[in-house]
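**Student:** File run_27.pdb follows (PDB, C-alpha atoms):
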```pdb
MODEL        1
ATOM      1  CA  MET A   1      22.844  43.838  24.631
ATOM      2  CA  LYS A   2      25.819  42.447  22.709
ATOM      3  CA  LYS A   3      26.374  39.822  25.423
ATOM      4  CA  ILE A   4      22.746  38.675  25.173
ATOM      5  CA  PHE A   5      22.975  38.478  21.386
ATOM      6  CA  PHE A   6      26.235  36.542  21.629
ATOM      7  CA  ARG A   7      24.729  34.075  24.112
ATOM      8  CA  ILE A   8      21.703  33.500  21.887
ATOM      9  CA  PHE A   9      23.968  33.046  18.870
ATOM     10  CA  LEU A  10      26.142  30.604  20.818
ATOM     11  CA  ILE A  11      23.106  28.574  21.925
ATOM     12  CA  VAL A  12      21.861  28.387  18.347
ATOM     13  CA  ILE A  13      25.260  27.212  17.115
ATOM     14  CA  ILE A  14      25.419  24.575  19.859
ATOM     15  CA  LEU A  15      21.920  23.332  18.981
ATOM     16  CA  VAL A  16      22.743  23.157  15.269
ATOM     17  CA  VAL A  17      25.926  21.217  15.975
ATOM     18  CA  LEU A  18      24.069  18.922  18.382
ATOM     19  CA  VAL A  19      21.372  18.201  15.783
ATOM     20  CA  PHE A  20      24.049  17.542  13.155
ATOM     21  CA  ILE A  21      25.857  15.097  15.460
ATOM     22  CA  LEU A  22      22.618  13.323  16.396
ATOM     23  CA  ARG A  23      21.641  12.957  12.732
ATOM     24  CA  ILE A  24      25.013  11.365  11.939
ATOM     25  CA  TYR A  25      24.716   9.110  15.004
ATOM     26  CA  ASN A  26      21.209   7.970  14.090
ATOM     27  CA  ASP A  27      22.210   7.331  10.474
ATOM     28  CA  TYR A  28      24.931   5.061  11.788
ATOM     29  CA  LYS A  29      22.751   3.449  14.477
ATOM     30  CA  TYR A  30      19.897   2.614  12.127
ATOM     31  CA  LYS A  31      21.859   1.967   8.928
ATOM     32  CA  ASP A  32      21.067  -1.757   9.092
ATOM     33  CA  THR A  33      17.385  -1.331   9.921
ATOM     34  CA  ASN A  34      14.594  -2.434   7.652
ATOM     35  CA  ALA A  35      16.064  -5.847   7.021
ATOM     36  CA  LEU A  36      12.451  -6.531   6.138
ATOM     37  CA  LYS A  37      12.540  -8.035   2.655
ATOM     38  CA  SER A  38       9.406  -6.651   1.070
ATOM     39  CA  PRO A  39       8.218  -7.877  -2.335
ATOM     40  CA  GLU A  40       8.870  -5.599  -5.310
ATOM     41  CA  TYR A  41       5.234  -4.486  -5.525
ATOM     42  CA  TYR A  42       5.596  -2.570  -2.260
ATOM     43  CA  ASN A  43       7.599  -0.031  -4.271
ATOM     44  CA  ASP A  44       4.364   0.833  -6.085
ATOM     45  CA  VAL A  45       1.400  -1.040  -4.614
ATOM     46  CA  THR A  46      -1.044   0.142  -7.295
ATOM     47  CA  ASN A  47       1.083  -1.181 -10.169
ATOM     48  CA  ILE A  48      -0.719  -4.436 -10.959
ATOM     49  CA  SER A  49       2.070  -5.640 -13.253
ATOM     50  CA  LEU A  50       4.422  -6.003 -10.264
ATOM     51  CA  TYR A  51       2.324  -8.717  -8.630
ATOM     52  CA  PRO A  52       3.362 -12.303  -9.460
ATOM     53  CA  THR A  53       0.383 -14.203 -10.861
ATOM     54  CA  ASP A  54       2.198 -17.365 -11.966
ATOM     55  CA  ILE A  55       1.748 -19.427  -8.799
ATOM     56  CA  ASP A  56       2.030 -23.205  -8.721
ATOM     57  CA  GLY A  57      -1.310 -24.874  -8.004
ATOM     58  CA  VAL A  58      -3.256 -21.594  -7.952
ATOM     59  CA  ASP A  59      -5.078 -19.687 -10.694
ATOM     60  CA  VAL A  60      -4.739 -15.938 -10.187
ATOM     61  CA  THR A  61      -6.880 -13.356 -11.993
ATOM     62  CA  TYR A  62      -7.440  -9.647 -11.558
ATOM     63  CA  VAL A  63     -11.020  -8.660 -10.741
ATOM     64  CA  ASP A  64     -12.240  -5.321 -12.086
ATOM     65  CA  GLU A  65     -15.835  -5.125 -10.936
ATOM     66  CA  GLY A  66     -16.911  -1.584 -10.141
ATOM     67  CA  ARG A  67     -15.365  -0.588  -6.817
ATOM     68  CA  MET A  68     -14.148  -4.148  -6.301
ATOM     69  CA  GLN A  69     -10.521  -4.094  -7.394
ATOM     70  CA  GLY A  70      -8.012  -6.809  -6.623
ATOM     71  CA  PHE A  71      -6.862 -10.364  -7.134
ATOM     72  CA  ARG A  72      -8.760 -13.636  -6.956
ATOM     73  CA  PHE A  73      -6.860 -16.818  -6.062
ATOM     74  CA  VAL A  74      -8.480 -20.155  -6.890
ATOM     75  CA  PRO A  75      -6.523 -23.238  -5.810
ATOM     76  CA  LYS A  76      -6.649 -26.071  -8.307
ATOM     77  CA  GLU A  77      -7.419 -28.321  -5.355
ATOM     78  CA  LYS A  78      -9.660 -26.325  -3.047
ATOM     79  CA  SER A  79      -9.680 -28.055   0.329
ATOM     80  CA  HIS A  80     -11.635 -25.589   2.490
ATOM     81  CA  LYS A  81     -15.166 -24.287   2.120
ATOM     82  CA  GLY A  82     -15.971 -20.656   1.446
ATOM     83  CA  LEU A  83     -13.734 -17.647   0.908
ATOM     84  CA  VAL A  84     -11.105 -15.536   2.656
ATOM     85  CA  ILE A  85     -10.957 -11.844   1.718
ATOM     86  CA  CYS A  86      -7.744  -9.981   2.611
ATOM     87  CA  PHE A  87      -7.063  -6.257   2.997
ATOM     88  CA  GLY A  88      -3.781  -4.505   3.694
ATOM     89  CA  GLY A  89      -3.124  -1.342   5.686
ATOM     90  CA  SER A  90      -2.472   2.350   5.163
ATOM     91  CA  GLU A  91       0.251   1.595   2.602
ATOM     92  CA  GLY A  92      -2.578   0.759   0.195
ATOM     93  CA  SER A  93      -1.624  -2.826  -0.614
ATOM     94  CA  PRO A  94      -4.191  -5.618  -1.028
ATOM     95  CA  ASN A  95      -2.292  -7.937   1.357
ATOM     96  CA  PHE A  96      -1.312 -10.055  -1.634
ATOM     97  CA  GLU A  97       1.181 -12.232   0.235
ATOM     98  CA  THR A  98      -1.362 -13.407   2.832
ATOM     99  CA  ALA A  99      -3.989 -14.217   0.201
ATOM    100  CA  LYS A 100      -1.333 -16.076  -1.789
ATOM    101  CA  ARG A 101      -0.161 -18.114   1.216
ATOM    102  CA  LEU A 102      -3.690 -19.124   2.160
ATOM    103  CA  ALA A 103      -4.532 -20.044  -1.445
ATOM    104  CA  GLU A 104      -1.494 -22.318  -1.496
ATOM    105  CA  GLU A 105      -3.003 -24.000   1.576
ATOM    106  CA  GLY A 106      -6.254 -24.713  -0.265
ATOM    107  CA  TYR A 107      -8.422 -21.660   0.485
ATOM    108  CA  GLU A 108     -10.090 -19.625  -2.232
ATOM    109  CA  THR A 109      -9.009 -16.077  -1.471
ATOM    110  CA  PHE A 110      -9.122 -12.472  -2.560
ATOM    111  CA  ALA A 111      -6.518  -9.738  -2.109
ATOM    112  CA  LEU A 112      -8.484  -6.514  -2.432
ATOM    113  CA  PHE A 113      -7.578  -2.838  -2.507
ATOM    114  CA  MET A 114      -9.373  -0.448  -0.144
ATOM    115  CA  PHE A 115      -8.372   2.655  -2.098
ATOM    116  CA  GLY A 116      -6.090   3.954  -4.817
ATOM    117  CA  MET A 117      -7.503   2.023  -7.773
ATOM    118  CA  LYS A 118     -10.074   2.625 -10.504
ATOM    119  CA  ASN A 119     -13.528   3.616  -9.212
ATOM    120  CA  GLN A 120     -12.127   4.038  -5.695
ATOM    121  CA  GLU A 121     -11.047   6.932  -3.508
ATOM    122  CA  GLN A 122      -7.467   7.720  -4.438
ATOM    123  CA  THR A 123      -6.257   8.314  -0.884
ATOM    124  CA  LEU A 124      -7.140   6.910   2.512
ATOM    125  CA  ARG A 125      -9.993   9.214   3.377
ATOM    126  CA  LYS A 126     -13.780   9.053   3.151
ATOM    127  CA  ILE A 127     -13.793   5.508   1.805
ATOM    128  CA  PRO A 128     -17.423   4.350   1.373
ATOM    129  CA  LEU A 129     -18.150   1.111   3.184
ATOM    130  CA  GLU A 130     -20.714   0.400   0.465
ATOM    131  CA  GLN A 131     -17.929  -0.547  -1.931
ATOM    132  CA  PHE A 132     -18.014  -3.914  -0.161
ATOM    133  CA  GLU A 133     -21.436  -4.451  -1.734
ATOM    134  CA  ASP A 134     -19.679  -4.814  -5.092
ATOM    135  CA  VAL A 135     -17.656  -7.628  -3.500
ATOM    136  CA  ILE A 136     -20.808  -9.333  -2.205
ATOM    137  CA  ASN A 137     -22.513  -9.023  -5.591
ATOM    138  CA  TYR A 138     -19.500 -10.472  -7.401
ATOM    139  CA  ILE A 139     -19.310 -13.409  -4.996
ATOM    140  CA  ASN A 140     -23.025 -14.191  -5.316
ATOM    141  CA  LYS A 141     -22.875 -14.088  -9.114
ATOM    142  CA  ASN A 142     -19.617 -15.947  -9.694
ATOM    143  CA  ILE A 143     -18.881 -18.345  -6.840
ATOM    144  CA  LYS A 144     -21.112 -21.246  -5.804
ATOM    145  CA  ASP A 145     -19.054 -22.396  -2.822
ATOM    146  CA  ASN A 146     -19.124 -18.957  -1.190
ATOM    147  CA  LYS A 147     -19.832 -19.622   2.487
ATOM    148  CA  PRO A 148     -18.471 -19.009   5.005
ATOM    149  CA  ILE A 149     -16.849 -15.630   4.279
ATOM    150  CA  SER A 150     -13.855 -14.622   6.368
ATOM    151  CA  VAL A 151     -12.351 -11.139   6.177
ATOM    152  CA  LEU A 152      -8.749 -10.549   7.213
ATOM    153  CA  GLY A 153      -7.443  -7.012   7.682
ATOM    154  CA  ALA A 154      -4.201  -5.558   9.001
ATOM    155  CA  SER A 155      -3.885  -2.195  10.787
ATOM    156  CA  LYS A 156      -6.126   0.303   8.924
ATOM    157  CA  GLY A 157      -7.407  -2.717   7.016
ATOM    158  CA  ALA A 158      -8.507  -4.170  10.358
ATOM    159  CA  GLU A 159     -10.319  -0.911  11.158
ATOM    160  CA  TYR A 160     -12.015  -1.197   7.772
ATOM    161  CA  ALA A 161     -12.889  -4.885   8.242
ATOM    162  CA  LEU A 162     -14.426  -4.251  11.668
ATOM    163  CA  ASN A 163     -16.603  -1.512  10.183
ATOM    164  CA  LEU A 164     -17.680  -3.834   7.378
ATOM    165  CA  ALA A 165     -18.719  -6.518   9.868
ATOM    166  CA  SER A 166     -20.824  -3.931  11.717
ATOM    167  CA  LYS A 167     -22.804  -3.281   8.519
ATOM    168  CA  TYR A 168     -22.753  -6.554   6.550
ATOM    169  CA  SER A 169     -23.973  -9.766   8.153
ATOM    170  CA  GLU A 170     -22.613 -11.719   5.171
ATOM    171  CA  ILE A 171     -19.253 -11.709   6.978
ATOM    172  CA  ASP A 172     -18.977 -14.839   9.113
ATOM    173  CA  ASN A 173     -15.456 -14.512  10.515
ATOM    174  CA  LEU A 174     -13.006 -11.684  11.154
ATOM    175  CA  ILE A 175      -9.243 -11.816  11.573
ATOM    176  CA  LEU A 176      -7.960  -8.464  12.806
ATOM    177  CA  ILE A 177      -4.205  -7.897  12.906
ATOM    178  CA  ALA A 178      -3.083  -4.849  14.948
ATOM    179  CA  PRO A 179      -6.667  -3.536  15.005
ATOM    180  CA  SER A 180      -8.270  -0.261  16.027
ATOM    181  CA  SER A 181     -11.422  -0.112  18.125
ATOM    182  CA  TYR A 182     -12.057   3.478  17.002
ATOM    183  CA  ASN A 183     -12.674   5.203  13.717
ATOM    184  CA  PHE A 184      -9.743   7.556  13.187
ATOM    185  CA  ALA A 185      -9.235  10.403  10.746
ATOM    186  CA  GLY A 186      -8.115   9.593   7.236
ATOM    187  CA  LEU A 187      -4.522  10.127   6.207
ATOM    188  CA  ASP A 188      -5.080  12.720   3.484
ATOM    189  CA  PHE A 189      -4.372  16.025   5.202
ATOM    190  CA  LYS A 190      -5.329  18.055   2.109
ATOM    191  CA  ASP A 191      -8.882  16.666   2.192
ATOM    192  CA  TYR A 192      -9.139  15.932   5.880
ATOM    193  CA  GLY A 193     -11.966  13.982   7.433
ATOM    194  CA  SER A 194     -13.051  10.536   8.500
ATOM    195  CA  SER A 195     -11.409   7.445   7.053
ATOM    196  CA  TRP A 196     -14.849   6.038   6.220
ATOM    197  CA  THR A 197     -18.323   7.001   5.061
ATOM    198  CA  TYR A 198     -21.631   5.161   5.071
ATOM    199  CA  LYS A 199     -24.753   6.211   3.175
ATOM    200  CA  GLY A 200     -23.075   9.436   2.181
ATOM    201  CA  LYS A 201     -22.121  10.500   5.711
ATOM    202  CA  GLU A 202     -18.698  10.476   7.326
ATOM    203  CA  LEU A 203     -18.438   8.102  10.271
ATOM    204  CA  PRO A 204     -17.640   9.938  13.546
ATOM    205  CA  TYR A 205     -13.864   9.883  14.010
ATOM    206  CA  ILE A 206     -11.032  10.610  16.406
ATOM    207  CA  ASP A 207      -9.241  13.720  15.120
ATOM    208  CA  ILE A 208      -5.507  13.032  15.344
ATOM    209  CA  LYS A 209      -4.799  16.712  14.660
ATOM    210  CA  LYS A 210      -6.154  17.406  18.140
ATOM    211  CA  SER A 211      -3.596  15.241  19.908
ATOM    212  CA  SER A 212      -1.317  16.694  22.579
ATOM    213  CA  PHE A 213       1.239  19.124  21.131
ATOM    214  CA  ASN A 214       3.835  17.890  23.629
ATOM    215  CA  SER A 215       3.339  14.339  22.401
ATOM    216  CA  PHE A 216       3.505  15.479  18.777
ATOM    217  CA  LEU A 217       6.704  17.432  19.464
ATOM    218  CA  LYS A 218       8.362  14.652  21.450
ATOM    219  CA  ASN A 219       7.419  11.660  19.291
ATOM    220  CA  ILE A 220       7.207  13.099  15.779
ATOM    221  CA  ILE A 221       8.789  16.529  15.276
ATOM    222  CA  VAL A 222      12.015  16.069  17.259
ATOM    223  CA  PRO A 223      12.689  12.514  15.983
ATOM    224  CA  ASN A 224      12.099  13.762  12.427
ATOM    225  CA  ILE A 225      14.686  16.520  12.918
ATOM    226  CA  ILE A 226      17.366  14.242  14.383
ATOM    227  CA  LYS A 227      16.478  11.270  12.118
ATOM    228  CA  SER A 228      15.516   8.912  14.930
ATOM    229  CA  PRO A 229      12.418   6.675  14.573
ATOM    230  CA  ILE A 230       9.040   8.402  14.759
ATOM    231  CA  SER A 231       6.445   6.774  16.998
ATOM    232  CA  TYR A 232       2.755   7.509  16.406
ATOM    233  CA  LYS A 233       1.376   5.582  19.390
ATOM    234  CA  GLU A 234       1.255   8.466  21.877
ATOM    235  CA  THR A 235      -0.227  10.784  19.253
ATOM    236  CA  TYR A 236      -3.144   8.404  18.771
ATOM    237  CA  ASN A 237      -3.493   7.849  22.515
ATOM    238  CA  SER A 238      -3.533  11.554  23.322
ATOM    239  CA  ALA A 239      -6.076  12.220  20.557
ATOM    240  CA  ILE A 240      -8.383   9.648  22.170
ATOM    241  CA  GLU A 241      -7.817  11.081  25.663
ATOM    242  CA  LYS A 242      -8.501  14.664  24.559
ATOM    243  CA  ASP A 243     -11.730  13.710  22.766
ATOM    244  CA  SER A 244     -14.599  14.054  25.255
ATOM    245  CA  THR A 245     -16.887  12.162  22.859
ATOM    246  CA  SER A 246     -14.444   9.329  22.099
ATOM    247  CA  GLN A 247     -17.030   6.694  23.063
ATOM    248  CA  GLU A 248     -19.128   7.823  20.102
ATOM    249  CA  LYS A 249     -16.175   7.139  17.799
ATOM    250  CA  LEU A 250     -15.913   3.469  18.802
ATOM    251  CA  ILE A 251     -16.777   1.086  15.971
ATOM    252  CA  PRO A 252     -20.171  -0.350  17.044
ATOM    253  CA  ILE A 253     -19.681  -4.110  17.130
ATOM    254  CA  LYS A 254     -21.771  -5.135  20.142
ATOM    255  CA  ASP A 255     -24.268  -6.944  17.904
ATOM    256  CA  VAL A 256     -21.785  -8.353  15.387
ATOM    257  CA  GLU A 257     -22.273 -12.116  15.169
ATOM    258  CA  ALA A 258     -19.110 -12.903  13.237
ATOM    259  CA  ASN A 259     -16.410 -14.885  15.019
ATOM    260  CA  ILE A 260     -13.582 -12.459  15.804
ATOM    261  CA  LEU A 261      -9.889 -13.308  16.149
ATOM    262  CA  MET A 262      -7.450 -10.509  17.049
ATOM    263  CA  ILE A 263      -3.671 -10.716  16.688
ATOM    264  CA  VAL A 264      -1.671  -8.017  18.497
ATOM    265  CA  GLY A 265       1.860  -7.185  19.554
ATOM    266  CA  GLU A 266       2.102  -5.804  23.086
ATOM    267  CA  ASP A 267       4.933  -3.467  22.039
ATOM    268  CA  ASP A 268       3.060  -1.915  19.090
ATOM    269  CA  LEU A 269       4.445   1.622  18.623
ATOM    270  CA  MET A 270       2.234   2.616  15.672
ATOM    271  CA  TRP A 271      -0.891   2.648  17.807
ATOM    272  CA  ASP A 272      -1.973   0.804  20.940
ATOM    273  CA  SER A 273      -3.539  -2.198  19.236
ATOM    274  CA  PHE A 274      -3.330  -4.272  22.428
ATOM    275  CA  ALA A 275      -5.452  -1.793  24.416
ATOM    276  CA  MET A 276      -7.845  -1.353  21.497
ATOM    277  CA  ALA A 277      -8.242  -5.119  21.065
ATOM    278  CA  ASN A 278      -9.349  -5.242  24.685
ATOM    279  CA  LYS A 279     -11.754  -2.386  23.949
ATOM    280  CA  ILE A 280     -13.246  -4.454  21.128
ATOM    281  CA  LYS A 281     -13.608  -7.424  23.473
ATOM    282  CA  GLU A 282     -15.460  -5.244  25.974
ATOM    283  CA  GLN A 283     -18.110  -4.653  23.322
ATOM    284  CA  ASN A 284     -18.077  -8.196  21.985
ATOM    285  CA  PRO A 285     -16.961 -10.589  24.763
ATOM    286  CA  LYS A 286     -16.774 -13.665  22.527
ATOM    287  CA  ALA A 287     -13.955 -12.074  20.508
ATOM    288  CA  LYS A 288     -10.581 -13.763  21.020
ATOM    289  CA  ILE A 289      -7.285 -11.945  21.580
ATOM    290  CA  TYR A 290      -3.877 -13.491  20.963
ATOM    291  CA  SER A 291      -1.198 -11.083  22.141
ATOM    292  CA  TYR A 292       2.561 -11.416  21.871
ATOM    293  CA  LYS A 293       5.003  -9.899  24.351
ATOM    294  CA  GLY A 294       7.868  -7.913  22.894
ATOM    295  CA  ALA A 295       6.267  -7.865  19.429
ATOM    296  CA  GLY A 296       5.316  -4.740  17.514
ATOM    297  CA  HIS A 297       2.858  -3.542  14.911
ATOM    298  CA  ILE A 298       4.528  -5.608  12.196
ATOM    299  CA  PHE A 299       5.842  -9.065  13.064
ATOM    300  CA  ALA A 300       9.074  -8.591  11.136
ATOM    301  CA  SER A 301      12.528  -7.015  11.473
ATOM    302  CA  ASN A 302      13.736  -5.102  14.518
ATOM    303  CA  GLY A 303      10.805  -2.720  14.973
ATOM    304  CA  VAL A 304      12.100   0.164  12.836
ATOM    305  CA  LEU A 305      11.095   0.823   9.229
ATOM    306  CA  ASN A 306      13.514   2.913   7.204
ATOM    307  CA  LEU A 307      11.481   4.740   4.575
ATOM    308  CA  GLY A 308      14.292   6.885   3.240
ATOM    309  CA  LYS A 309      13.465  10.374   4.488
ATOM    310  CA  ILE A 310      11.990   9.146   7.771
ATOM    311  CA  ARG A 311      12.242   6.188  10.105
ATOM    312  CA  ILE A 312       9.133   4.788  11.759
ATOM    313  CA  ALA A 313       9.108   2.863  15.022
ATOM    314  CA  THR A 314       6.760  -0.094  14.686
ATOM    315  CA  GLY A 315       7.903  -1.796  17.890
ATOM    316  CA  GLY A 316       9.290  -5.108  19.050
ATOM    317  CA  THR A 317      12.601  -6.875  18.696
ATOM    318  CA  THR A 318      13.738  -9.123  15.873
ATOM    319  CA  GLU A 319      13.522 -12.222  18.055
ATOM    320  CA  SER A 320      10.076 -11.395  19.489
ATOM    321  CA  ASN A 321       8.660 -10.347  16.131
ATOM    322  CA  ASP A 322       9.898 -13.525  14.444
ATOM    323  CA  LYS A 323       8.398 -15.636  17.224
ATOM    324  CA  ALA A 324       5.089 -13.763  17.028
ATOM    325  CA  GLU A 325       4.984 -14.190  13.236
ATOM    326  CA  SER A 326       5.456 -17.951  13.539
ATOM    327  CA  GLU A 327       2.986 -18.424  16.395
ATOM    328  CA  SER A 328       0.323 -16.069  15.018
ATOM    329  CA  ARG A 329       0.389 -17.814  11.662
ATOM    330  CA  LYS A 330      -0.442 -21.103  13.413
ATOM    331  CA  THR A 331      -3.242 -19.363  15.335
ATOM    332  CA  ILE A 332      -4.739 -17.899  12.162
ATOM    333  CA  ASP A 333      -4.502 -21.250  10.362
ATOM    334  CA  ALA A 334      -6.253 -23.038  13.232
ATOM    335  CA  PHE A 335      -9.012 -20.392  13.324
ATOM    336  CA  LEU A 336      -9.634 -20.674   9.594
ATOM    337  CA  LYS A 337      -9.609 -24.481   9.601
ATOM    338  CA  GLU A 338     -12.135 -24.504  12.438
ATOM    339  CA  ASN A 339     -14.457 -22.080  10.661
ATOM    340  CA  HIS A 340     -14.110 -23.318   7.073
ATOM    341  CA  LYS A 341     -14.936 -26.996   7.550
TER     342      LYS A 341
ENDMDL
END
```
Once more with this new file: its structure as structure tokens, please.
**Tutor:**
Amino acid sequence: MKKIFFRIFLIVIILVVLVFILRIYNDYKYKDTNALKSPEYYNDVTNISLYPTDIDGVDVTYVDEGRMQGFRFVPKEKSHKGLVICFGGSEGSPNFETAKRLAEEGYETFALFMFGMKNQEQTLRKIPLEQFEDVINYINKNIKDNKPISVLGASKGAEYALNLASKYSEIDNLILIAPSSYNFAGLDFKDYGSSWTYKGKELPYIDIKKSSFNSFLKNIIVPNIIKSPISYKETYNSAIEKDSTSQEKLIPIKDVEANILMIVGEDDLMWDSFAMANKIKEQNPKAKIYSYKGAGHIFASNGVLNLGKIRIATGGTTESNDKAESESRKTIDAFLKENHK
């Protein structure tokens, strides 16, 4: 009995030491990660005062119109018809930098919050698609040159944008960066449910809690313990595979008439945006996919985000992500110029 106890004790000690060594190793290995130079407002995306509104050649105002919360950018020399509406991802930002860049190129743009602001859901769960109606009403009341309307969304913002296009024909063009073809669960695990609602009902969703335990252990729990990057891709994939009704959770875009451009990295480790872009194209064959080999979920840095307590694998290499960022920007610009003549 004593020998068994000693062996168990010895194994535990070895495991503790091994974990300790791996944590030190990973701290050293990833100490220079997250060379991504994010603007100050990413420290607190809901703090409006952190966003720079003094932009040469562009008038920037904050719009507080019911559930429509965000920034409007009006170039002093507008050179393209219509509007471009930008949404960020699960971090809760309004994709300010993209709206700003496009405004500097002569587009009238909006950088809008999906959640977290006044009159909105405070976390990413059960967000009513109808809040976009406040955007439509504002545009119709305040902007004469308001067509065409393009909506640009990244990651969860792309999931949101695709849902909006399935409900609102006012949207003429979609730019989806690292999109999802499915509706997934929201990211508030205290009030768990769908990410989205429509007419008071939750949209059917893939439940990520029902993903494979082995995948969850391998890609999330163990990396979290040893401080290596967490990858969510297999968790999402296994949740889809284990859902016998996954087809019912696809965002219904067969009849969407908007022009669709999708930008994806083939090495996306957050979720399989490349496979899901192809799933979107199966429903809507005229949709266009531009994919980039060796690029991840975010076209920046070396594919690892250091968030302090955890590291997240987003995928790609520095070289491939930089190349994808440069090339995809040209693709987006060409798409917008073609559709905002």
**Student:** May I ask which of the residues A:Tyr51, A:Tyr236, A:Phe132, A:Phe274 is the closest one to Ile85 in chain A, counting all atoms listed in the file?
**Tutor:**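 Closest candidate: A:Phe132.
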**Student:** Which residue, A:Phe189, A:Phe213, A:Tyr205, A:Tyr42, has the smallest gap to Gln247 in chain A when you use all atoms listed in the file?
**Tutor:**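 Using all atoms listed in the file, Gln247 in chain A sits closest to A:Tyr205.
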**Student:** Taking the file above as input, evaluate the PyMOL selection byres ((chain A and resi 325) around 12) and report the hits as a PDB file with C-alpha atoms, in the coordinates of the input.
**Tutor:**
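The resulting file, expr-v5.pdb, is shown below:
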```pdb
ATOM      1  CA  ILE A 177      -4.205  -7.897  12.906  1.00  0.00           C
ATOM      2  CA  ILE A 263      -3.671 -10.716  16.688  1.00  0.00           C
ATOM      3  CA  VAL A 264      -1.671  -8.017  18.497  1.00  0.00           C
ATOM      4  CA  GLY A 265       1.860  -7.185  19.554  1.00  0.00           C
ATOM      5  CA  TYR A 290      -3.877 -13.491  20.963  1.00  0.00           C
ATOM      6  CA  SER A 291      -1.198 -11.083  22.141  1.00  0.00           C
ATOM      7  CA  TYR A 292       2.561 -11.416  21.871  1.00  0.00           C
ATOM      8  CA  LYS A 293       5.003  -9.899  24.351  1.00  0.00           C
ATOM      9  CA  GLY A 294       7.868  -7.913  22.894  1.00  0.00           C
ATOM     10  CA  ALA A 295       6.267  -7.865  19.429  1.00  0.00           C
ATOM     11  CA  GLY A 296       5.316  -4.740  17.514  1.00  0.00           C
ATOM     12  CA  HIS A 297       2.858  -3.542  14.911  1.00  0.00           C
ATOM     13  CA  ILE A 298       4.528  -5.608  12.196  1.00  0.00           C
ATOM     14  CA  PHE A 299       5.842  -9.065  13.064  1.00  0.00           C
ATOM     15  CA  ALA A 300       9.074  -8.591  11.136  1.00  0.00           C
ATOM     16  CA  SER A 301      12.528  -7.015  11.473  1.00  0.00           C
ATOM     17  CA  GLY A 316       9.290  -5.108  19.050  1.00  0.00           C
ATOM     18  CA  THR A 317      12.601  -6.875  18.696  1.00  0.00           C
ATOM     19  CA  THR A 318      13.738  -9.123  15.873  1.00  0.00           C
ATOM     20  CA  GLU A 319      13.522 -12.222  18.055  1.00  0.00           C
ATOM     21  CA  SER A 320      10.076 -11.395  19.489  1.00  0.00           C
ATOM     22  CA  ASN A 321       8.660 -10.347  16.131  1.00  0.00           C
ATOM     23  CA  ASP A 322       9.898 -13.525  14.444  1.00  0.00           C
ATOM     24  CA  LYS A 323       8.398 -15.636  17.224  1.00  0.00           C
ATOM     25  CA  ALA A 324       5.089 -13.763  17.028  1.00  0.00           C
ATOM     26  CA  SER A 326       5.456 -17.951  13.539  1.00  0.00           C
ATOM     27  CA  GLU A 327       2.986 -18.424  16.395  1.00  0.00           C
ATOM     28  CA  SER A 328       0.323 -16.069  15.018  1.00  0.00           C
ATOM     29  CA  ARG A 329       0.389 -17.814  11.662  1.00  0.00           C
ATOM     30  CA  LYS A 330      -0.442 -21.103  13.413  1.00  0.00           C
ATOM     31  CA  THR A 331      -3.242 -19.363  15.335  1.00  0.00           C
ATOM     32  CA  ILE A 332      -4.739 -17.899  12.162  1.00  0.00           C
TER      33      ILE A 332
END
```
**Student:** List every residue of range 11-103 of chain A that has an atom at most 12 Å from any atom of range 141-157 of chain A, giving for each one its closest atom pair and the distance in Å to one decimal, counting all atoms listed in the file, sorted by chain and then by ascending residue number, as a Markdown table.
**Tutor:**
```
| residue | atom | partner | partner_atom | distance |
| --- | --- | --- | --- | --- |
| A:Val63 | CA | A:Asn142 | CA | 11.3 |
| A:Glu65 | CA | A:Asn142 | CA | 11.5 |
| A:Arg72 | CA | A:Ile143 | CA | 11.2 |
| A:Val74 | CA | A:Ile143 | CA | 10.6 |
| A:Lys78 | CA | A:Asp145 | CA | 10.2 |
| A:Ser79 | CA | A:Asp145 | CA | 11.4 |
| A:His80 | CA | A:Asp145 | CA | 9.7 |
| A:Lys81 | CA | A:Asp145 | CA | 6.6 |
| A:Gly82 | CA | A:Lys147 | CA | 4.1 |
| A:Leu83 | CA | A:Ile149 | CA | 5.0 |
| A:Val84 | CA | A:Ser150 | CA | 4.7 |
| A:Ile85 | CA | A:Val151 | CA | 4.7 |
| A:Cys86 | CA | A:Leu152 | CA | 4.7 |
| A:Phe87 | CA | A:Gly153 | CA | 4.8 |
| A:Gly88 | CA | A:Gly157 | CA | 5.2 |
| A:Gly89 | CA | A:Gly157 | CA | 4.7 |
| A:Ser90 | CA | A:Lys156 | CA | 5.6 |
| A:Glu91 | CA | A:Lys156 | CA | 9.1 |
| A:Gly92 | CA | A:Gly157 | CA | 9.1 |
| A:Ser93 | CA | A:Gly157 | CA | 9.6 |
| A:Pro94 | CA | A:Gly157 | CA | 9.1 |
| A:Asn95 | CA | A:Gly153 | CA | 8.2 |
| A:Phe96 | CA | A:Gly153 | CA | 11.6 |
| A:Thr98 | CA | A:Leu152 | CA | 9.1 |
| A:Ala99 | CA | A:Leu152 | CA | 9.2 |
| A:Leu102 | CA | A:Leu152 | CA | 11.2 |
```
**Student:** With distances taken over all atoms listed in the file, which residue among A:Asp207, A:Glu282, A:Glu248, A:Glu257 lies nearest Leu174 in chain A?
**Tutor:**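 Ranked by minimum distance to Leu174 in chain A, first place goes to A:Glu257.
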**Student:** Given the file shown, determine the residues that the PyMOL selection byres ((chain A and resi 60) around 6) selects; report them as a list of chain:residue names.
**Tutor:**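 This file, filtered by the PyMOL selection byres ((chain A and resi 60) around 6), leaves A:Thr53, A:Asp59, A:Thr61, A:Arg72, A:Phe73.
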**Student:** Taking C-alpha atoms for each residue, export the selection above as a short mmCIF file (atom, residue, chain, number, x, y, z; two decimals), in the coordinates of the input.
**Tutor:**
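Contents of result_26.cif, freshly written:
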```
data_model
loop_
_atom_site.label_atom_id
_atom_site.label_comp_id
_atom_site.auth_asym_id
_atom_site.auth_seq_id
_atom_site.Cartn_x
_atom_site.Cartn_y
_atom_site.Cartn_z
CA THR A 53 0.38 -14.20 -10.86
CA ASP A 59 -5.08 -19.69 -10.69
CA THR A 61 -6.88 -13.36 -11.99
CA ARG A 72 -8.76 -13.64 -6.96
CA PHE A 73 -6.86 -16.82 -6.06
#
```
